[in-house]
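Asker: My structure is in entry_19.cif, and what it holds is mmCIF, C-alpha atoms:
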data_query
loop_
_atom_site.label_atom_id
_atom_site.label_comp_id
_atom_site.auth_asym_id
_atom_site.auth_seq_id
_atom_site.Cartn_x
_atom_site.Cartn_y
_atom_site.Cartn_z
CA MET A 22 101.01 187.11 94.54
CA SER A 23 104.02 188.11 92.41
CA LYS A 24 106.28 186.27 94.87
CA ARG A 25 104.22 183.13 94.35
CA VAL A 26 104.36 183.51 90.55
CA SER A 27 108.12 184.08 90.65
CA ARG A 28 108.46 180.98 92.78
CA ILE A 29 106.57 178.88 90.22
CA LEU A 30 108.80 180.22 87.44
CA ARG A 31 112.10 179.80 89.32
CA SER A 32 115.00 177.61 88.25
CA LEU A 33 115.38 174.48 90.34
CA SER A 34 118.39 172.58 91.64
CA ARG A 35 119.35 169.28 89.97
CA GLU A 36 117.75 167.34 92.80
CA LYS A 37 114.37 168.97 92.20
CA ALA A 38 114.35 168.87 88.40
CA PHE A 39 111.97 166.60 86.50
CA TYR A 40 113.73 163.60 84.96
CA PHE A 41 112.05 161.99 81.96
CA PHE A 42 111.92 158.18 81.97
CA THR A 43 110.29 155.86 79.42
CA SER A 44 109.64 153.07 81.94
CA ILE A 45 110.74 151.97 85.41
CA GLY A 46 114.41 152.90 85.77
CA ASN A 47 114.93 153.89 82.14
CA TYR A 48 116.08 157.49 82.06
CA THR A 49 116.06 159.24 78.68
CA GLY A 50 118.75 161.76 79.57
CA GLU A 51 116.25 164.63 79.34
CA SER A 52 115.32 166.75 82.33
CA ALA A 53 113.58 170.02 83.09
CA SER A 54 114.64 172.34 85.86
CA SER A 55 111.98 175.03 85.42
CA LEU A 56 108.44 175.39 84.14
CA LYS A 57 109.79 177.03 80.98
CA GLU A 58 112.14 174.13 80.29
CA PHE A 59 109.38 171.65 81.09
CA MET A 60 107.17 173.36 78.49
CA TYR A 61 109.87 172.96 75.82
CA LYS A 62 110.78 169.40 76.78
CA ILE A 63 107.18 168.23 76.41
CA ASN A 64 107.60 168.82 72.68
CA GLU A 65 111.00 167.13 72.48
CA VAL A 66 111.00 163.97 74.58
CA ASN A 67 109.96 160.53 73.41
CA VAL A 68 106.17 160.29 73.54
CA LYS A 69 106.55 157.04 75.51
CA SER A 70 108.04 159.09 78.29
CA LEU A 71 105.04 161.43 78.30
CA GLU A 72 102.68 158.45 78.46
CA PHE A 73 104.68 156.80 81.23
CA HIS A 74 104.69 159.85 83.50
CA PHE A 75 101.20 161.04 82.61
CA HIS A 76 99.53 157.76 83.56
CA ARG A 77 101.51 157.53 86.79
CA GLY A 78 100.50 161.08 87.74
CA ASP A 79 104.16 162.17 87.93
CA PHE A 80 103.65 165.48 86.10
CA GLU A 81 100.88 166.77 88.33
CA LYS A 82 102.78 165.61 91.41
CA TRP A 83 105.96 167.46 90.40
CA VAL A 84 104.04 170.57 89.38
CA ALA A 85 102.11 170.61 92.67
CA GLU A 86 104.90 169.60 95.05
CA VAL A 87 108.01 171.09 93.49
CA LEU A 88 106.85 174.02 91.34
CA GLU A 89 104.01 174.58 93.81
CA ASP A 90 101.50 175.47 91.09
CA LYS A 91 98.22 173.94 92.16
CA LYS A 92 96.31 175.44 89.24
CA LEU A 93 98.52 173.79 86.63
CA ALA A 94 98.51 170.52 88.58
CA ASP A 95 94.70 170.60 88.51
CA GLY A 96 94.77 171.27 84.77
CA ILE A 97 96.97 168.23 84.15
CA ARG A 98 94.87 166.08 86.46
CA GLU A 99 91.77 167.18 84.55
CA MET A 100 93.31 165.76 81.37
CA GLN A 101 93.42 162.31 82.94
CA LYS A 102 89.64 162.11 82.75
CA THR A 103 89.95 161.63 79.01
CA ASP A 104 91.94 158.74 77.63
CA VAL A 105 94.65 160.56 75.70
CA THR A 106 97.80 158.94 74.35
CA SER A 107 100.59 159.49 71.87
CA ASP A 108 100.76 162.79 69.98
CA VAL A 109 97.33 163.86 71.18
CA LEU A 110 98.69 163.67 74.71
CA ARG A 111 101.75 165.68 73.70
CA SER A 112 99.74 168.46 72.09
CA ARG A 113 97.16 168.64 74.90
CA LEU A 114 99.83 168.65 77.58
CA SER A 115 101.81 171.24 75.68
CA GLU A 116 98.72 173.38 75.34
CA VAL A 117 97.84 173.22 79.05
CA VAL A 118 101.41 173.96 80.19
CA SER A 119 102.06 176.69 77.60
CA ARG A 120 98.80 178.44 78.43
CA ARG A 121 99.64 178.47 82.10
CA TYR A 122 103.22 179.60 81.46
CA LYS A 123 102.05 182.53 79.33
CA GLN A 124 99.48 183.43 81.95
CA LEU A 125 102.16 183.57 84.65
CA ILE A 126 104.60 185.55 82.50
CA ASN A 127 101.89 188.05 81.57
CA TRP A 128 100.92 188.36 85.16
CA LEU A 129 104.48 189.21 86.11
CA ARG A 130 104.76 191.78 83.27
CA PHE A 131 101.44 193.34 84.13
CA THR A 132 102.29 193.78 87.79
CA LYS A 133 105.77 195.26 87.23
CA MET B 188 152.77 130.88 100.34
CA LYS B 189 155.96 132.79 99.51
CA VAL B 190 156.29 136.51 100.10
CA LYS B 191 158.79 138.00 97.67
CA ASN B 192 159.33 141.57 96.40
CA ASN B 193 156.20 142.83 98.11
CA ALA B 194 154.09 140.18 96.30
CA PHE B 195 153.16 136.69 97.30
CA ASP B 196 152.47 133.44 95.52
CA LEU B 197 150.10 130.81 96.75
CA ASP B 198 151.34 127.27 96.39
CA ALA B 199 149.30 124.17 95.58
CA LEU B 200 148.57 123.47 99.24
CA ASP B 201 147.21 126.99 99.82
CA PHE B 202 144.86 126.49 96.88
CA GLU B 203 143.72 123.13 98.27
CA ILE B 204 142.96 124.75 101.63
CA LEU B 205 141.06 127.58 99.93
CA LYS B 206 139.04 125.09 97.89
CA VAL B 207 137.98 123.25 101.04
CA LEU B 208 137.15 126.50 102.82
CA GLN B 209 135.07 127.73 99.88
CA GLU B 210 132.99 124.56 100.09
CA ASP B 211 132.42 125.04 103.82
CA ALA B 212 134.19 127.79 105.77
CA ARG B 213 133.05 126.32 109.10
CA ARG B 214 135.27 123.23 108.78
CA THR B 215 137.79 122.91 111.61
CA TYR B 216 141.55 122.96 111.07
CA THR B 217 141.55 119.28 112.04
CA ALA B 218 138.86 118.39 109.51
CA ILE B 219 140.68 120.26 106.76
CA GLY B 220 143.95 118.58 107.78
CA LYS B 221 142.35 115.14 107.63
CA ARG B 222 140.82 115.82 104.25
CA LEU B 223 144.15 117.02 102.80
CA GLU B 224 146.23 114.52 104.81
CA ILE B 225 148.33 117.20 106.51
CA ALA B 226 148.79 118.33 110.12
CA HIS B 227 146.14 120.66 111.53
CA SER B 228 148.93 123.02 112.67
CA THR B 229 149.98 123.42 109.01
CA VAL B 230 146.39 124.25 108.09
CA TYR B 231 146.26 126.78 110.94
CA ASP B 232 149.51 128.49 109.88
CA ARG B 233 148.49 128.68 106.22
CA ILE B 234 145.02 130.05 106.98
CA LYS B 235 146.34 132.64 109.44
CA ARG B 236 148.88 133.85 106.88
CA MET B 237 146.24 134.09 104.15
CA GLU B 238 144.02 136.06 106.54
CA LYS B 239 146.92 138.35 107.46
CA TYR B 240 147.69 139.16 103.82
CA GLY B 241 144.03 139.59 102.88
CA VAL B 242 143.81 136.53 100.61
CA ILE B 243 140.95 135.43 102.85
CA ARG B 244 138.97 138.61 103.38
CA LYS B 245 136.20 137.38 105.64
CA TYR B 246 133.87 134.49 106.44
CA ILE B 247 130.23 135.24 105.80
CA ALA B 248 126.91 133.38 105.71
CA LEU B 249 125.17 132.95 102.36
CA VAL B 250 121.57 133.73 103.22
CA ASP B 251 118.61 132.57 101.14
CA HIS B 252 116.71 135.82 101.36
CA ARG B 253 113.49 134.36 100.00
CA LYS B 254 113.46 131.69 102.71
CA ALA B 255 114.36 134.35 105.27
CA GLY B 256 111.14 136.13 104.26
CA ALA B 257 112.67 139.16 102.56
CA LYS B 258 110.66 140.47 99.63
CA PHE B 259 112.56 142.56 97.15
CA ILE B 260 113.33 142.94 93.50
CA THR B 261 116.78 143.00 91.92
CA ALA B 262 117.70 145.01 88.86
CA ILE B 263 120.73 145.53 86.70
CA MET B 264 121.19 149.22 86.05
CA THR B 265 123.42 150.50 83.24
CA VAL B 266 124.37 154.13 83.71
CA PHE B 267 125.82 155.96 80.69
CA THR B 268 128.10 158.69 81.94
CA ASP B 269 130.32 161.54 80.94
CA PRO B 270 133.80 159.94 81.20
CA LYS B 271 135.03 162.87 83.32
CA GLU B 272 132.38 162.21 85.94
CA SER B 273 132.32 158.44 85.80
CA ASP B 274 134.42 157.75 88.91
CA ARG B 275 132.43 160.22 90.97
CA VAL B 276 129.15 158.63 89.85
CA ALA B 277 130.50 155.15 90.67
CA GLU B 278 131.62 156.33 94.12
CA LYS B 279 128.22 157.84 94.83
CA LEU B 280 126.53 154.59 93.81
CA CYS B 281 128.85 152.63 96.11
CA GLY B 282 127.58 154.72 99.02
CA ALA B 283 123.92 153.84 98.41
CA PRO B 284 122.53 150.94 100.45
CA GLU B 285 120.28 149.97 97.52
CA VAL B 286 123.35 149.23 95.38
CA LEU B 287 125.01 145.84 95.89
CA GLU B 288 127.67 145.81 93.20
CA VAL B 289 129.23 148.48 90.98
CA TYR B 290 131.40 147.95 87.89
CA THR B 291 132.61 150.11 85.03
CA SER B 292 132.85 148.93 81.46
CA LEU B 293 134.10 150.49 78.28
CA SER B 294 132.49 149.16 75.12
CA GLU B 295 131.26 151.84 72.75
CA GLU B 296 130.66 154.20 75.62
CA LEU B 297 131.82 154.34 79.21
CA VAL B 298 129.13 152.77 81.34
CA ILE B 299 128.65 151.91 84.98
CA ILE B 300 126.86 148.65 85.65
CA ALA B 301 125.28 148.24 89.06
CA LYS B 302 123.18 145.62 90.78
CA VAL B 303 120.38 147.27 92.69
CA VAL B 304 117.78 145.97 95.13
CA ALA B 305 114.53 147.58 96.22
CA GLU B 306 111.32 146.59 97.96
CA ASN B 307 109.30 146.94 94.78
CA GLN B 308 109.29 148.57 91.35
CA GLU B 309 108.04 151.88 92.73
CA ARG B 310 110.90 152.10 95.25
CA LEU B 311 113.36 151.08 92.55
CA HIS B 312 112.12 153.82 90.26
CA ALA B 313 112.13 156.40 93.06
CA PHE B 314 115.73 155.53 93.92
CA ILE B 315 116.88 155.85 90.31
CA ALA B 316 114.85 159.00 89.62
CA ASN B 317 115.78 160.79 92.85
CA SER B 318 119.27 159.55 93.57
CA VAL B 319 120.90 158.40 90.33
CA ALA B 320 119.51 160.48 87.43
CA PRO B 321 120.32 163.82 89.18
CA LEU B 322 124.01 162.93 89.67
CA PRO B 323 126.23 165.23 87.58
CA GLY B 324 127.57 163.37 84.54
CA VAL B 325 124.72 160.88 84.21
CA LEU B 326 123.66 160.90 80.56
CA ARG B 327 120.99 158.19 80.55
CA ILE B 328 120.07 154.99 82.34
CA ARG B 329 118.87 151.56 81.23
CA THR B 330 117.46 149.23 83.84
CA SER B 331 116.43 145.59 83.62
CA VAL B 332 114.51 144.04 86.46
CA ILE B 333 115.62 140.46 87.05
CA THR B 334 112.71 138.07 86.85
CA ARG B 335 114.44 134.73 87.38
CA LYS B 336 117.82 133.64 88.68
CA PHE B 337 119.48 130.60 87.11
CA LYS B 338 122.86 130.74 88.84
CA GLU B 339 124.69 132.79 91.42
CA SER B 340 127.96 131.70 92.95
CA PRO B 341 131.05 133.52 94.20
CA PHE B 342 134.33 133.16 92.35
CA SER B 343 136.13 130.06 93.58
CA VAL B 344 139.74 128.96 93.44
CA ALA B 345 138.32 125.89 91.70
CA ASN B 346 137.26 128.10 88.77
CA PRO B 347 139.47 128.54 85.72
CA GLY B 348 141.76 131.55 85.99
CA SER B 349 142.70 131.10 89.62
CA TYR B 350 146.10 132.60 88.80
CA ILE B 351 144.51 135.94 89.72
CA TYR B 352 145.38 135.08 93.30
CA LYS B 353 148.87 136.39 92.64
CA LYS B 354 148.40 139.68 94.40
CA LYS B 355 150.34 142.67 95.73
CA VAL B 356 150.53 143.07 99.51
#
Kindly return the structure encoded in the file as structure tokens.
Answerer:
Amino acid sequence: MSKRVSRILRSLSREKAFYFFTSIGNYTGESASSLKEFMYKINEVNVKSLEFHFHRGDFEKWVAEVLEDKKLADGIREMQKTDVTSDVLRSRLSEVVSRRYKQLINWLRFTK
Amino acid sequence: MKVKNNAFDLDALDFEILKVLQEDARRTYTAIGKRLEIAHSTVYDRIKRMEKYGVIRKYIALVDHRKAGAKFITAIMTVFTDPKESDRVAEKLCGAPEVLEVYTSLSEELVIIAKVVAENQERLHAFIANSVAPLPGVLRIRTSVITRKFKESPFSVANPGSYIYKKKV
């Protein structure tokens, strides 16, 4: 279990990082190469970028396929059932990701 | 065409031959000779020399891709880069089959401008997100998908500025 948690929290190579775009082909210059960085970037990037990726399902896909955290991917997918946009989306997404990040960090601390 | 000090100059007749070839590269030496009122052997010699020195790089077919049934989208991608990494980014882009043309420009910032093709918007985005954004030195990217083409033609010796044909060999 701790191996799996460490894997979710690992730092990724440039190729596997998440790159924030505001629309097709328009890269903001912001990227996240770990869950921790992703959590911070959610609060920093242009909200248009959050909307763009959220509605395309890019966040859940990256979390599931690259970070390999199915639970967090499910949490993000669950959000899509409600029509959230703008700053509400930012705060909800931030909440879901931060909660999961803290859970994983605590789990690691507890098991050490 | 005179070759002097490792450089060559095209004369008026070379330009006339190039003009005719740029209208239709499949014309025979005889047809070009008739049109310009010169011997076909002169046309042959001039063309062979221009091929030898790379003035004429190659003869290619201009394909109407829409009529040929190809479905794709074209986009102009502007890549803002760290000046130290700019050449490396441009070289990487040159190696991608999705990229047709690559230029650099220095206005307020150093940018790379590239013409990109993809099957659809999703493929275009995937290419940029997976292959361009992660390149070291890429700061941000602006992309415009072309919706309508009004003109596209190669540079011709008939265009203004044909003096650029003075070239090192």
Asker: Between atom CA of Lys92 of chain A and atom CA of Gly46 of chain A, what is the distance in Å, rounded to a tenth?
Answerer: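 One can read the atom CA of Lys92 of chain A to atom CA of Gly46 of chain A distance as 29.1 Å.
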Asker: Using only C-alpha atoms, which chain B residues lie at most 12 Å away from chain A, written as a ChimeraX atom specification?
Answerer: /B:261-269,303,305,307-332
Asker: Could you please determine the separation between atom CA of Ile204 of chain B and atom CA of Ile225 of chain B in Å, to one decimal place?
Answerer: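 Going from atom CA of Ile204 of chain B over to atom CA of Ile225 of chain B covers 10.5 Å.
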Asker: Tell me which residues come within 12 Å of (106.9, 173.6, 90.6), as a ChimeraX atom specification, counting only C-alpha atoms in the file's coordinates.
Answerer: /A:25-34,37-39,53-59,80-94,118,122
Asker: Would you put the residues from that selection into a file with C-alpha atoms, as a short mmCIF file (atom, residue, chain, number, x, y, z; two decimals), keeping the file's coordinate frame?
Answerer:
data_model
loop_
_atom_site.label_atom_id
_atom_site.label_comp_id
_atom_site.auth_asym_id
_atom_site.auth_seq_id
_atom_site.Cartn_x
_atom_site.Cartn_y
_atom_site.Cartn_z
CA ARG A 25 104.22 183.13 94.35
CA VAL A 26 104.36 183.51 90.55
CA SER A 27 108.12 184.08 90.65
CA ARG A 28 108.46 180.98 92.78
CA ILE A 29 106.57 178.88 90.22
CA LEU A 30 108.80 180.22 87.44
CA ARG A 31 112.10 179.80 89.32
CA SER A 32 115.00 177.61 88.25
CA LEU A 33 115.38 174.48 90.34
CA SER A 34 118.39 172.58 91.64
CA LYS A 37 114.37 168.97 92.20
CA ALA A 38 114.35 168.87 88.40
CA PHE A 39 111.97 166.60 86.50
CA ALA A 53 113.58 170.02 83.09
CA SER A 54 114.64 172.34 85.86
CA SER A 55 111.98 175.03 85.42
CA LEU A 56 108.44 175.39 84.14
CA LYS A 57 109.79 177.03 80.98
CA GLU A 58 112.14 174.13 80.29
CA PHE A 59 109.38 171.65 81.09
CA PHE A 80 103.65 165.48 86.10
CA GLU A 81 100.88 166.77 88.33
CA LYS A 82 102.78 165.61 91.41
CA TRP A 83 105.96 167.46 90.40
CA VAL A 84 104.04 170.57 89.38
CA ALA A 85 102.11 170.61 92.67
CA GLU A 86 104.90 169.60 95.05
CA VAL A 87 108.01 171.09 93.49
CA LEU A 88 106.85 174.02 91.34
CA GLU A 89 104.01 174.58 93.81
CA ASP A 90 101.50 175.47 91.09
CA LYS A 91 98.22 173.94 92.16
CA LYS A 92 96.31 175.44 89.24
CA LEU A 93 98.52 173.79 86.63
CA ALA A 94 98.51 170.52 88.58
CA VAL A 118 101.41 173.96 80.19
CA TYR A 122 103.22 179.60 81.46
#
Asker: Step by step, work through what the PyMOL selection byres ((chain B and resi 208) around 12) selects in the shown file, and finish by giving those residues as a PyMOL selection string.
Answerer: chain B and resi 201-207+209-216+218-220+222-223+230+234+237+243+245-247+343-345
Asker: Looking at B:Glu339, B:Glu296, B:Asp196, B:Glu288, which one is nearest to Val242 of chain B, with distances taken over all atoms listed in the file?
Answerer: B:Asp196
Asker: Atom CA of Arg253 of chain B to atom CA of Thr334 of chain B: how many Å, to one decimal?
Answerer: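 We find that atom CA of Arg253 of chain B and atom CA of Thr334 of chain B lie 13.7 Å from each other.
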Asker: Which residue is closest to Lys336 of chain B? Choose from B:Gly282, B:Glu295, B:Ile260, B:Ile300 and count only C-alpha atoms.
Answerer: B:Ile260
Asker: Using the chain letters and numbers from the file, give me the residues hit by the PyMOL selection byres ((chain A and resi 132) around 12), as a list in words.
Answerer: Met22, Ser23, Lys24, Val26, Ser27, Leu125, Ile126, Asn127, Trp128, Leu129, Arg130, Phe131 and Lys133 of chain A
Asker: If you apply the PyMOL selection byres ((chain B and resi 281) around 12) to this file, what residues do you get, as an mmCIF file with C-alpha atoms, in the frame of the given file?
Answerer:
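Dumped everything to out19.cif:
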data_model
loop_
_atom_site.group_PDB
_atom_site.id
_atom_site.type_symbol
_atom_site.label_atom_id
_atom_site.label_comp_id
_atom_site.auth_asym_id
_atom_site.auth_seq_id
_atom_site.Cartn_x
_atom_site.Cartn_y
_atom_site.Cartn_z
ATOM 1 C CA ASP B 274 134.420 157.750 88.910
ATOM 2 C CA ARG B 275 132.430 160.220 90.970
ATOM 3 C CA VAL B 276 129.150 158.630 89.850
ATOM 4 C CA ALA B 277 130.500 155.150 90.670
ATOM 5 C CA GLU B 278 131.620 156.330 94.120
ATOM 6 C CA LYS B 279 128.220 157.840 94.830
ATOM 7 C CA LEU B 280 126.530 154.590 93.810
ATOM 8 C CA GLY B 282 127.580 154.720 99.020
ATOM 9 C CA ALA B 283 123.920 153.840 98.410
ATOM 10 C CA PRO B 284 122.530 150.940 100.450
ATOM 11 C CA GLU B 285 120.280 149.970 97.520
ATOM 12 C CA VAL B 286 123.350 149.230 95.380
ATOM 13 C CA LEU B 287 125.010 145.840 95.890
ATOM 14 C CA GLU B 288 127.670 145.810 93.200
ATOM 15 C CA VAL B 289 129.230 148.480 90.980
ATOM 16 C CA TYR B 290 131.400 147.950 87.890
ATOM 17 C CA THR B 291 132.610 150.110 85.030
ATOM 18 C CA ILE B 299 128.650 151.910 84.980
ATOM 19 C CA ILE B 300 126.860 148.650 85.650
ATOM 20 C CA ALA B 301 125.280 148.240 89.060
ATOM 21 C CA LYS B 302 123.180 145.620 90.780
ATOM 22 C CA VAL B 303 120.380 147.270 92.690
ATOM 23 C CA VAL B 319 120.900 158.400 90.330
#
